[in-house]
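Chemist: One structure follows; several queries about it will come next.
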Amino acid sequence: MTALVLIGYSVVSGLRSTVLKGLQLQGAAHAIAGENPISFCNVFFLSQLMIGMALLVAEPVDVGREIDGLRPRVRLAIAADAFFGCFLAPLAFYMALDQLAVITQTLLFSLTLPASALLALWWLKERLPERFALSLALILMGLVVGRVFGSGLGMGMDQLPGLLWALLAVIATATRNCLRRQLVAQHLSRGLTGGVTNLVGALVFGLFALLIYGPQHFFLLQLWWVVGVIVIYGLTLSLGTEILRQLSTARFSVTQVAFAGSASVVVTVLTAAAVLHEPLTPGVLASLGLILLGVLQRHLSGPSPSPS
């Protein structure tokens with residue numbers, strides 16, 4: 001039964017892009033006053049509000065007192081984490097998904113791993129992971145194969161804005177990863193590092209919704225909107241991914257969680273092909289295989305020998 005937690009983490013996290021793209025398309029087909037009722041504003045306002053509240057309830061420490069005791073440098077790091085991880089990264093993710101196919105965006109996001117490693121090398125002075133050059137070469141080779149042989153990874157000039165948004169999301173996510181690596185050493189509560197930052201992100205997205213669309217944009221009381229945005233994307237996928245990720249981290253090794261996270265890419269690609277009818281060509285499958293090999297090769301090769 002415990003293995004179901006890890007499987008659930010792969011499946012639930014892998015469905016997020018496909019479901020969000022489906023909501024974007026459904027909203028475009030049911031525009032209200034010329035506006036898509038699905039936007040980054042209401043989707044991330046609701047999902048981050050749920051995650052933030054859940055993390056605060058799960059770890060009810062006195063967050064206010066914890067904040068008062070923070071050094072200015074740590075406060076700045078938390079604020080930057082909220083900006084990059086709970087605002088810029090999801091915003092860029094949404095905009096990229098709005099303009100690119102799910103498969104294209106998913107394969108491009110494989111660059112997050114090498115981008116995080118290179119940023120940590122420059123910023124945190126960390127050593128590159130073992131076999132990093134091989135991992136980077138395989139990921140880049142996978143992207144080239146997908147571009148040349150896989151129609152699912154087309155990148156014409158009309159897709160340039162989406163490509164730029166995807167690269168911005170990669171950079172923002174890599175920055176967030178480095179910031180969170182710094183915050184781990186501070187031994188702060190999840191209520192602060194996850195709950196408060198998600199609530200701040202939700203507040204910002206809520207303000208955007210009010211300014212751009214008005215209060216009616218928060219809740220469209222049509223069955224497909226309520227079920228899709230609140231029940232499926234907000235509760236089941238966003239909050240579900242966070243809960244299952246934490247349960248998996250507590251119960252399984254780093255390698256097992258890494259394999260589960262990478263398996264979510266397969267779930268995303270297969271569901272995008274099955275549900276959204278995106279092309280799943282041999283070139284796309286070869287691209288996916290190379291990228292997965294690049295992401296997982298250090299785990300597949302076994303642990304590195306300990307230095308004598």
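Here, A, B, ... name the chains of the structure tokens in the order displayed, residue numbers run from 1 inside each chain, and ligands are numbered from 1 in the same displayed order.
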Show which residues sit within 8 Å of region 37-49 of chain A, as a PyMOL selection string. Count only C-alpha atoms, and ignore same-chain residues fewer than 5 positions away.

Modeler: chain A and resi 23-24+27-28+30-32+86+90-91+94-95+198-199+201-206+208-209+217-218+220+229-230+233-235+238-239

Chemist: Write a file of the selected residues as a compact mmCIF listing (two decimals), in the first residue's frame, keeping C-alpha atoms.

Modeler:
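Saved the output as out_11.txt:
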# COMPACT_ATOMS: atom_id res chain seq x y z
CA LEU A 23 -8.97 24.04 -18.91
CA GLN A 24 -7.36 26.73 -21.09
CA GLY A 27 -12.25 28.37 -21.36
CA ALA A 28 -11.37 29.60 -24.84
CA HIS A 30 -16.68 29.21 -23.56
CA ALA A 31 -15.51 32.83 -23.44
CA ILE A 32 -17.50 35.28 -21.35
CA CYS A 86 5.07 31.36 -6.12
CA PRO A 90 3.86 29.70 -12.19
CA LEU A 91 3.07 32.79 -14.28
CA TYR A 94 1.00 29.21 -17.49
CA MET A 95 1.93 31.58 -20.31
CA ASN A 198 2.06 30.37 -1.24
CA LEU A 199 -0.43 32.65 0.49
CA GLY A 201 1.55 34.35 -4.19
CA ALA A 202 -2.21 33.74 -3.96
CA LEU A 203 -2.73 37.32 -2.75
CA VAL A 204 -0.77 38.73 -5.70
CA PHE A 205 -2.70 36.63 -8.22
CA GLY A 206 -5.94 37.66 -6.53
CA PHE A 208 -4.21 40.80 -10.56
CA ALA A 209 -7.62 39.19 -11.06
CA HIS A 217 -13.42 36.30 -12.38
CA PHE A 218 -12.79 34.43 -9.12
CA LEU A 220 -17.68 31.26 -12.36
CA VAL A 229 -10.61 24.70 -11.45
CA ILE A 230 -11.53 24.09 -7.81
CA TYR A 233 -6.84 21.35 -10.49
CA GLY A 234 -6.90 23.06 -7.09
CA LEU A 235 -7.74 20.32 -4.61
CA SER A 238 -2.13 21.06 -6.82
CA LEU A 239 -2.80 20.25 -3.16

Chemist: With only C-alpha atoms as the counted atoms, please give the residues lying no more than 9 Å from Leu168 (chain A), apart from itself and same-chain residues fewer than 6 positions off, as a JSON list (two decimals) with N, CA, C and O atoms, in the first residue's frame.

Modeler:
[["chain", "number", "residue", "atom", "x", "y", "z"],
["A", 88, "LEU", "N", 6.55, 34.26, -10.24],
["A", 88, "LEU", "CA", 7.13, 34.30, -11.58],
["A", 88, "LEU", "C", 7.14, 32.93, -12.25],
["A", 88, "LEU", "O", 6.77, 32.81, -13.43],
["A", 89, "ALA", "N", 7.55, 31.89, -11.53],
["A", 89, "ALA", "CA", 7.60, 30.55, -12.13],
["A", 89, "ALA", "C", 6.22, 30.07, -12.57],
["A", 89, "ALA", "O", 6.05, 29.62, -13.71],
["A", 92, "ALA", "N", 5.00, 32.24, -15.64],
["A", 92, "ALA", "CA", 5.70, 31.88, -16.88],
["A", 92, "ALA", "C", 5.27, 30.49, -17.35],
["A", 92, "ALA", "O", 5.12, 30.24, -18.56],
["A", 93, "PHE", "N", 5.07, 29.57, -16.40],
["A", 93, "PHE", "CA", 4.60, 28.22, -16.72],
["A", 93, "PHE", "C", 3.26, 28.28, -17.44],
["A", 93, "PHE", "O", 3.04, 27.64, -18.47]]

Chemist: Find the spatial neighbours of Leu167 (chain A), counting only C-alpha atoms, within a cut-off of 12 Å - ignore same-chain residues fewer than 4 positions away - and output them as a PyMOL selection string.

Modeler: chain A and resi 88-89+92-93+95-97+105-112+115+160-163+171-174

Chemist: State, in Å with one decimal place, the distance from CA of Tyr9 (chain A) to CA of Val269 (chain A).

Modeler: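 Computing it gives 15.8 Å between the two atoms.
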
Chemist: Just checking: using only C-alpha atoms, which residue out of A:Val196, A:Ile291, A:Ile51, A:Ile139 ends up closest to Arg75 (chain A)?

Modeler: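 The shortest atom-to-atom distance to Arg75 (chain A) comes from A:Val196.
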
Chemist: Just want the 9 Å neighbourhood of region 60-70 of chain A, counted on only C-alpha atoms, with same-chain residues fewer than 3 positions away dropped. Output as a PDB file with N, CA and C atoms, in the first residue's frame.

Modeler:
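For reference, out_0.pdb as written:
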ATOM      1  N   LEU A  55      -0.614  23.969   4.443  1.00  0.00           N
ATOM      2  CA  LEU A  55       0.694  23.910   5.093  1.00  0.00           C
ATOM      3  C   LEU A  55       0.696  24.627   6.440  1.00  0.00           C
ATOM      4  N   LEU A  56      -0.048  25.721   6.533  1.00  0.00           N
ATOM      5  CA  LEU A  56      -0.144  26.419   7.819  1.00  0.00           C
ATOM      6  C   LEU A  56      -0.893  25.572   8.851  1.00  0.00           C
ATOM      7  N   VAL A  57      -1.951  24.900   8.421  1.00  0.00           N
ATOM      8  CA  VAL A  57      -2.727  24.055   9.341  1.00  0.00           C
ATOM      9  C   VAL A  57      -1.932  22.815   9.740  1.00  0.00           C
ATOM     10  N   ARG A  73      18.715  39.025   6.136  1.00  0.00           N
ATOM     11  CA  ARG A  73      19.125  38.251   4.955  1.00  0.00           C
ATOM     12  C   ARG A  73      18.186  37.081   4.703  1.00  0.00           C
ATOM     13  N   VAL A  74      17.738  36.439   5.785  1.00  0.00           N
ATOM     14  CA  VAL A  74      16.816  35.306   5.640  1.00  0.00           C
ATOM     15  C   VAL A  74      15.440  35.797   5.179  1.00  0.00           C
ATOM     16  N   ARG A  75      15.011  36.935   5.718  1.00  0.00           N
ATOM     17  CA  ARG A  75      13.739  37.513   5.263  1.00  0.00           C
ATOM     18  C   ARG A  75      13.777  37.808   3.767  1.00  0.00           C
ATOM     19  N   LEU A 188      13.600  26.241   9.152  1.00  0.00           N
ATOM     20  CA  LEU A 188      12.342  26.958   9.332  1.00  0.00           C
ATOM     21  C   LEU A 188      11.159  26.015   9.130  1.00  0.00           C
ATOM     22  N   SER A 189      10.014  26.401   9.638  1.00  0.00           N
ATOM     23  CA  SER A 189       8.821  25.565   9.519  1.00  0.00           C
ATOM     24  C   SER A 189       8.269  25.617   8.101  1.00  0.00           C
ATOM     25  N   GLY A 191       5.209  25.873   7.537  1.00  0.00           N
ATOM     26  CA  GLY A 191       4.190  26.904   7.566  1.00  0.00           C
ATOM     27  C   GLY A 191       4.709  28.250   7.099  1.00  0.00           C
ATOM     28  N   LEU A 192       6.007  28.502   7.353  1.00  0.00           N
ATOM     29  CA  LEU A 192       6.618  29.758   6.915  1.00  0.00           C
ATOM     30  C   LEU A 192       7.142  29.650   5.487  1.00  0.00           C
ATOM     31  N   VAL A 196       3.290  30.472   4.053  1.00  0.00           N
ATOM     32  CA  VAL A 196       3.245  31.928   3.888  1.00  0.00           C
ATOM     33  C   VAL A 196       3.581  32.330   2.457  1.00  0.00           C
TER      34      VAL A 196
END

Chemist: Taking the DSSP secondary structure from the backbone, can you list the residues of region 67-137 of chain A that are helix (DSSP H, G or I), as number ranges by chain?

Modeler: A: 67-68, 72-99, 102-124, 132-137

Chemist: Counting only C-alpha atoms, what is within 9 Å of Leu237 (chain A), bar same-chain residues fewer than 4 positions away, as a short mmCIF file (atom, residue, chain, number, x, y, z; two decimals) with all heavy atoms, in the first residue's frame?

Modeler:
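Saved file selection.cif follows:
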data_model
loop_
_atom_site.label_atom_id
_atom_site.label_comp_id
_atom_site.auth_asym_id
_atom_site.auth_seq_id
_atom_site.Cartn_x
_atom_site.Cartn_y
_atom_site.Cartn_z
N VAL A 12 -0.44 12.05 -10.20
CA VAL A 12 -1.10 13.32 -9.91
C VAL A 12 -0.27 14.50 -10.42
O VAL A 12 -0.79 15.42 -11.05
CB VAL A 12 -1.39 13.44 -8.40
CG1 VAL A 12 -1.85 14.84 -8.05
CG2 VAL A 12 -2.44 12.43 -7.99
N SER A 13 1.05 14.47 -10.15
CA SER A 13 1.88 15.58 -10.62
C SER A 13 2.00 15.59 -12.14
O SER A 13 2.10 16.65 -12.76
CB SER A 13 3.28 15.50 -9.98
OG SER A 13 3.92 14.28 -10.30
N GLY A 14 1.95 14.40 -12.75
CA GLY A 14 2.04 14.33 -14.20
C GLY A 14 0.80 14.83 -14.92
O GLY A 14 0.87 15.22 -16.09
N LEU A 15 -0.33 14.84 -14.23
CA LEU A 15 -1.58 15.26 -14.86
C LEU A 15 -1.77 16.77 -14.86
O LEU A 15 -2.65 17.29 -15.57
CB LEU A 15 -2.77 14.61 -14.13
CG LEU A 15 -3.00 13.12 -14.37
CD1 LEU A 15 -4.07 12.59 -13.43
CD2 LEU A 15 -3.41 12.86 -15.82
N ARG A 16 -0.98 17.51 -14.10
CA ARG A 16 -1.26 18.93 -13.91
C ARG A 16 -1.21 19.71 -15.23
O ARG A 16 -2.10 20.52 -15.51
CB ARG A 16 -0.26 19.52 -12.90
CG ARG A 16 -0.46 19.03 -11.49
CD ARG A 16 0.55 19.59 -10.54
NE ARG A 16 0.40 21.02 -10.36
CZ ARG A 16 1.19 21.76 -9.60
NH1 ARG A 16 2.18 21.20 -8.95
NH2 ARG A 16 0.98 23.06 -9.47
N VAL A 19 -4.19 18.74 -17.58
CA VAL A 19 -5.47 19.27 -17.09
C VAL A 19 -5.53 20.79 -17.27
O VAL A 19 -6.55 21.34 -17.70
CB VAL A 19 -5.69 18.88 -15.62
CG1 VAL A 19 -6.87 19.64 -15.02
CG2 VAL A 19 -5.93 17.38 -15.51
N SER A 47 -5.43 27.65 -6.27
CA SER A 47 -4.54 26.52 -5.97
C SER A 47 -3.52 26.88 -4.89
O SER A 47 -3.28 26.10 -3.96
CB SER A 47 -3.84 26.03 -7.24
OG SER A 47 -3.04 27.04 -7.81
N VAL A 231 -12.09 21.72 -7.92
CA VAL A 231 -12.01 20.33 -7.46
C VAL A 231 -10.81 19.60 -8.07
O VAL A 231 -9.99 19.02 -7.36
CB VAL A 231 -13.32 19.57 -7.77
CG1 VAL A 231 -13.20 18.11 -7.33
CG2 VAL A 231 -14.49 20.24 -7.08
N ILE A 232 -10.70 19.63 -9.41
CA ILE A 232 -9.67 18.83 -10.06
C ILE A 232 -8.29 19.50 -9.96
O ILE A 232 -7.35 18.91 -9.41
CB ILE A 232 -10.03 18.56 -11.54
CG1 ILE A 232 -11.31 17.73 -11.62
CG2 ILE A 232 -8.88 17.82 -12.24
CD1 ILE A 232 -11.76 17.43 -13.03
N TYR A 233 -8.17 20.75 -10.48
CA TYR A 233 -6.84 21.35 -10.49
C TYR A 233 -6.41 21.82 -9.10
O TYR A 233 -5.29 21.55 -8.67
CB TYR A 233 -6.78 22.52 -11.47
CG TYR A 233 -5.35 23.01 -11.65
CD1 TYR A 233 -4.50 22.33 -12.54
CD2 TYR A 233 -4.85 24.08 -10.93
CE1 TYR A 233 -3.18 22.75 -12.68
CE2 TYR A 233 -3.54 24.50 -11.08
CZ TYR A 233 -2.70 23.83 -11.96
OH TYR A 233 -1.40 24.23 -12.10
N THR A 241 -0.62 17.00 -5.16
CA THR A 241 0.80 16.84 -5.48
C THR A 241 1.67 17.21 -4.28
O THR A 241 2.64 16.51 -3.96
CB THR A 241 1.18 17.72 -6.69
OG1 THR A 241 0.49 17.25 -7.84
CG2 THR A 241 2.68 17.65 -6.96
N GLU A 242 1.34 18.31 -3.61
CA GLU A 242 2.13 18.74 -2.45
C GLU A 242 2.06 17.71 -1.32
O GLU A 242 3.09 17.36 -0.72
CB GLU A 242 1.61 20.10 -1.95
CG GLU A 242 2.35 20.65 -0.76
CD GLU A 242 3.81 20.96 -1.03
OE1 GLU A 242 4.15 21.22 -2.21
OE2 GLU A 242 4.61 20.95 -0.07
#

Chemist: If you count only C-alpha atoms, which residues fall within 10 Å of Ala117 (chain A), apart from same-chain ones fewer than 5 positions away, as a PyMOL selection string?

Modeler: chain A and resi 112+122-124+126-129+132+174+177-178

Chemist: Which residue gives the smallest distance to Gly194 (chain A) among A:Gln246, A:Thr175, A:Gln26, A:Asn36, with only C-alpha atoms counted?

Modeler: A:Gln246

Chemist: For His277 (chain A), please output as an MDAnalysis selection string all residues within 12 Å (counting only C-alpha atoms; exclusion window: fewer than 4 positions along the same chain).

Modeler: chainID A and resid 18 21:22 101:103 152 269:273 281

Chemist: Taking a cut-off of 12 Å and counting only C-alpha atoms, can you build a table that, for each residue of region 6-83 of chain A near region 248-254 of chain A, reports the nearest atom pair and how far apart they are in Å (one decimal), sorted by chain then residue number, as JSON lines?

Modeler:
{"residue": "A:Leu6", "atom": "CA", "partner": "A:Ser248", "partner_atom": "CA", "distance": 5.7}
{"residue": "A:Ile7", "atom": "CA", "partner": "A:Ser248", "partner_atom": "CA", "distance": 9.4}
{"residue": "A:Gly8", "atom": "CA", "partner": "A:Ser248", "partner_atom": "CA", "distance": 9.4}
{"residue": "A:Tyr9", "atom": "CA", "partner": "A:Ser248", "partner_atom": "CA", "distance": 7.5}
{"residue": "A:Ser10", "atom": "CA", "partner": "A:Ser248", "partner_atom": "CA", "distance": 10.1}
